[in-house]
Amino acid sequence: MQSPWEYPDFDDHEIVHFVTDRETGLKVVIAVHSTHLGPGAGGVRFWHYADPGEAVRDALRLSRGMSFKNAMAGLPLGGGKAVILADDVRTKTPEMLAAYGRAVERLCGAYVTAEDVGVTVADLSAVSKQTKFVAGLPVGEGEVGGDPGPHTSYGVFLGIKAAVKRALGKESLNGLHLAIQGAGSVAGGVARRAAEEGARISLTDIDRARADKLAAEVDGTVVAPDEIMTLAADVLSPNALGAILTAEAIAALNVPVVAGGANNQLAAPGDGQRIHERGILYAPDYVINAGGIINVSSEYLRDADAAGVKARIEQIPVRLEQIWAESAATGRNPAEVADSMAMRLIGRG
């Protein structure tokens, strides 16, 4: 039987917490990768997994990614993530959310929870009745915090522009073709901003109705989910679930730039090198998609107003350029460069 220490994605995680609440049906994995810079912060994902082992894998990978994301964003936070194992009809009850809040509280601040796939701001409000270690709660107009999606999409948009400037020498997205995977909050924000700047948009989502609605807004084209990864375009922007950049997918890419908000886009450690060898410029996901955590962390830490949050998000292209410059100077791929930088920042260099 495989022990937690033998999971391929286990990376000296400080805490891996398995919680079962029989009364509510809650099953959750809470992983804290590092608290070197501060409490482990990251969202809680509500998802149905055919194989429960994939939930553990997600928690381990995503919490490590949050350590790197928070460190590279200059935040006084470590990395953590929670994954609630939903049933096949995705039953979510107030009692289950309350049980999750109690589980977070029992960690005494080692983990600060926030929004992720399948979890809403309203859900977090319910969780906050059981624990104070929550970020991303509803806020008034002009206040920091709340839905991280628009802030994530703003950072991704700025990162795409930086990548296009480096790879294609273009100052604007006007006339360029973006292939966007996803039609949710982050993908929608990216698509709208890019379309306003004159980009042509192709997009996909497993929810066809949602994809059609977004395409109508941005005068874009909807393609089948299995087409987006091979579409000829200027930028592929993955903004759905992770592990989509496999060896096979990378071999079939038909773009000079990959820059998107999805977490853990690289399926395996060697995939960053595979993209690099193909001459495709890659924006490390946990650097480009840090806008959301920058926003909710400012709410939790109370260390910036809305203008300060915006200014911090606008540093994302600067960090990406530092990574790409070091990559160009050393020959190492951007994913490896970013990982090395992050490891040094969390005391594991």
# chains A, B, ... in the order shown; residues from 1 in each chain; ligands from 1
call {"tool": "residues_around", "arguments": {"residues": "Ser327 of chain A", "least_positions_apart": "2", "cutoff": "12 Å", "atoms": "only C-alpha atoms", "output": "CSV table (one decimal) with C-alpha atoms, in the first residue's frame"}}
result
chain,number,residue,atom,x,y,z
A,272,GLY,CA,8.7,22.7,-19.5
A,273,GLN,CA,11.8,21.6,-21.4
A,276,HIS,CA,11.3,25.2,-24.7
A,281,LEU,CA,7.6,30.9,-25.1
A,282,TYR,CA,5.9,29.6,-21.9
A,283,ALA,CA,4.6,31.8,-19.1
A,284,PRO,CA,4.9,29.8,-15.9
A,320,LEU,CA,7.8,37.2,-16.2
A,321,GLU,CA,10.4,39.2,-18.1
A,322,GLN,CA,13.0,38.5,-15.4
A,323,ILE,CA,12.3,34.7,-15.8
A,324,TRP,CA,12.5,34.9,-19.6
A,325,ALA,CA,15.7,37.0,-19.5
A,329,ALA,CA,20.9,34.1,-20.8
A,330,THR,CA,21.3,30.5,-19.3
A,331,GLY,CA,19.5,28.3,-21.8
A,332,ARG,CA,17.4,26.9,-19.1
A,333,ASN,CA,13.7,26.7,-19.8
A,334,PRO,CA,11.4,29.3,-18.1
A,335,ALA,CA,9.6,26.7,-16.0
A,336,GLU,CA,12.9,25.5,-14.5
A,337,VAL,CA,14.1,29.1,-14.0
A,338,ALA,CA,10.9,30.0,-12.2
A,339,ASP,CA,11.0,26.9,-10.0
A,340,SER,CA,14.6,27.7,-9.0
A,341,MET,CA,13.7,31.3,-8.1
call {"tool": "residues_around", "arguments": {"residues": "Ser128 of chain A", "least_positions_apart": "4", "cutoff": "9 Å", "atoms": "only C-alpha atoms", "output": "ChimeraX atom specification"}}
result
/A:98,101,123-124,132-135,137
call {"tool": "residues_around", "arguments": {"residues": "segment 259-261 of chain A", "least_positions_apart": "2", "cutoff": "10 Å", "atoms": "only C-alpha atoms", "output": "PyMOL selection string"}}
result
chain A and resi 149+152-153+155-157+159-164+180-182+186-187+190+235-242+257+263-265+281-291
call {"tool": "residues_around", "arguments": {"residues": "Thr93 of chain A", "least_positions_apart": "4", "cutoff": "10 Å", "atoms": "only C-alpha atoms", "output": "list in words"}}
result
Thr24, Gly25, Leu26, Leu97, Ala98, Ala99 and Asp123 of chain A
call {"tool": "write_last_selection", "arguments": {"atoms": "C-alpha atoms", "output": "CSV table (one decimal), in the first residue's frame"}}
result
chain,number,residue,atom,x,y,z
A,24,THR,CA,-22.3,15.6,6.4
A,25,GLY,CA,-20.5,13.4,3.9
A,26,LEU,CA,-17.5,15.7,3.8
A,97,LEU,CA,-19.4,23.7,4.3
A,98,ALA,CA,-19.6,24.1,8.0
A,99,ALA,CA,-17.8,20.9,8.6
A,123,ASP,CA,-19.7,29.2,0.0
call {"tool": "select_by_dssp", "arguments": {"residues": "segment 137-252 of chain A", "states": "helix (DSSP H, G or I)", "output": "VMD selection string"}}
result
chain A and resid 149 to 168 185 to 196 208 to 218 228 to 230 247 to 252
call {"tool": "residues_around", "arguments": {"residues": "Leu253 of chain A", "least_positions_apart": "2", "cutoff": "7 Å", "atoms": "only C-alpha atoms", "output": "NGL selection string"}}
result
:A and (229-230 or 249-251 or 255)
call {"tool": "write_last_selection", "arguments": {"atoms": "N, CA and C atoms", "output": "PDB file, in the first residue's frame"}}
result
ATOM      1  N   MET A 229      -6.221  22.815 -28.528  1.00  0.00           N
ATOM      2  CA  MET A 229      -4.790  22.627 -28.279  1.00  0.00           C
ATOM      3  C   MET A 229      -3.957  22.542 -29.561  1.00  0.00           C
ATOM      4  N   THR A 230      -4.612  22.315 -30.686  1.00  0.00           N
ATOM      5  CA  THR A 230      -3.871  22.192 -31.947  1.00  0.00           C
ATOM      6  C   THR A 230      -4.183  23.323 -32.916  1.00  0.00           C
ATOM      7  N   ALA A 249       0.568  16.567 -26.278  1.00  0.00           N
ATOM      8  CA  ALA A 249      -0.062  17.852 -26.560  1.00  0.00           C
ATOM      9  C   ALA A 249       0.962  18.893 -26.986  1.00  0.00           C
ATOM     10  N   ILE A 250       2.118  18.883 -26.345  1.00  0.00           N
ATOM     11  CA  ILE A 250       3.164  19.849 -26.690  1.00  0.00           C
ATOM     12  C   ILE A 250       3.646  19.624 -28.124  1.00  0.00           C
ATOM     13  N   ALA A 251       3.777  18.366 -28.511  1.00  0.00           N
ATOM     14  CA  ALA A 251       4.222  18.056 -29.870  1.00  0.00           C
ATOM     15  C   ALA A 251       3.243  18.576 -30.917  1.00  0.00           C
ATOM     16  N   VAL A 255       1.403  27.168 -31.922  1.00  0.00           N
ATOM     17  CA  VAL A 255       1.449  28.564 -31.462  1.00  0.00           C
ATOM     18  C   VAL A 255       2.874  28.911 -31.043  1.00  0.00           C
TER      19      VAL A 255
END
call {"tool": "residues_around", "arguments": {"residues": "segment 119-121 of chain A", "least_positions_apart": "5", "cutoff": "10 Å", "atoms": "only C-alpha atoms", "output": "number ranges by chain"}}
result
A: 43-47, 84, 92, 114, 126-127, 135-139, 146-148
call {"tool": "write_last_selection", "arguments": {"atoms": "N, CA and C atoms", "output": "compact mmCIF listing (two decimals), in the first residue's frame"}}
result
# COMPACT_ATOMS: atom_id res chain seq x y z
N GLY A 43 -6.73 28.22 -2.39
CA GLY A 43 -8.15 27.94 -2.49
C GLY A 43 -8.53 26.52 -2.14
N VAL A 44 -9.85 26.32 -2.02
CA VAL A 44 -10.41 24.99 -1.83
C VAL A 44 -11.17 24.62 -3.10
N ARG A 45 -10.86 23.48 -3.64
CA ARG A 45 -11.48 22.99 -4.87
C ARG A 45 -12.58 21.99 -4.53
N PHE A 46 -13.74 22.10 -5.16
CA PHE A 46 -14.86 21.17 -4.99
C PHE A 46 -15.04 20.45 -6.32
N TRP A 47 -14.66 19.15 -6.33
CA TRP A 47 -14.61 18.45 -7.62
C TRP A 47 -14.89 16.97 -7.42
N ILE A 84 -12.08 19.22 -1.80
CA ILE A 84 -13.25 18.51 -1.30
C ILE A 84 -13.68 17.52 -2.37
N LYS A 92 -23.57 19.55 -2.51
CA LYS A 92 -22.91 20.49 -1.62
C LYS A 92 -23.97 21.07 -0.68
N ALA A 114 -9.47 29.82 0.54
CA ALA A 114 -10.03 30.82 -0.37
C ALA A 114 -10.79 30.09 -1.47
N ALA A 126 -20.24 30.94 4.20
CA ALA A 126 -20.70 29.88 5.09
C ALA A 126 -19.54 29.28 5.88
N VAL A 127 -18.41 29.08 5.20
CA VAL A 127 -17.22 28.53 5.86
C VAL A 127 -16.74 29.48 6.96
N ALA A 135 -10.10 33.84 3.23
CA ALA A 135 -9.89 35.04 2.43
C ALA A 135 -10.76 34.95 1.18
N GLY A 136 -11.18 36.10 0.68
CA GLY A 136 -12.02 36.12 -0.51
C GLY A 136 -13.49 36.23 -0.19
N LEU A 137 -13.83 36.86 0.93
CA LEU A 137 -15.22 37.03 1.34
C LEU A 137 -15.85 38.21 0.60
N PRO A 138 -17.19 38.27 0.57
CA PRO A 138 -17.85 39.40 -0.11
C PRO A 138 -17.40 40.74 0.46
N VAL A 139 -17.24 41.71 -0.42
CA VAL A 139 -16.78 43.04 -0.01
C VAL A 139 -17.62 44.10 -0.70
N GLY A 146 -13.00 39.59 -2.07
CA GLY A 146 -14.10 39.12 -2.90
C GLY A 146 -13.63 38.18 -3.99
N ASP A 147 -14.36 38.15 -5.08
CA ASP A 147 -14.11 37.23 -6.19
C ASP A 147 -12.71 37.46 -6.77
N PRO A 148 -11.85 36.43 -6.74
CA PRO A 148 -10.49 36.63 -7.26
C PRO A 148 -10.42 36.59 -8.79
call {"tool": "closest_residue", "arguments": {"among": "A:Val223, A:Ala122, A:Asp11, A:Lys69", "to": "Pro94 of chain A", "atoms": "only C-alpha atoms"}}
result
A:Ala122
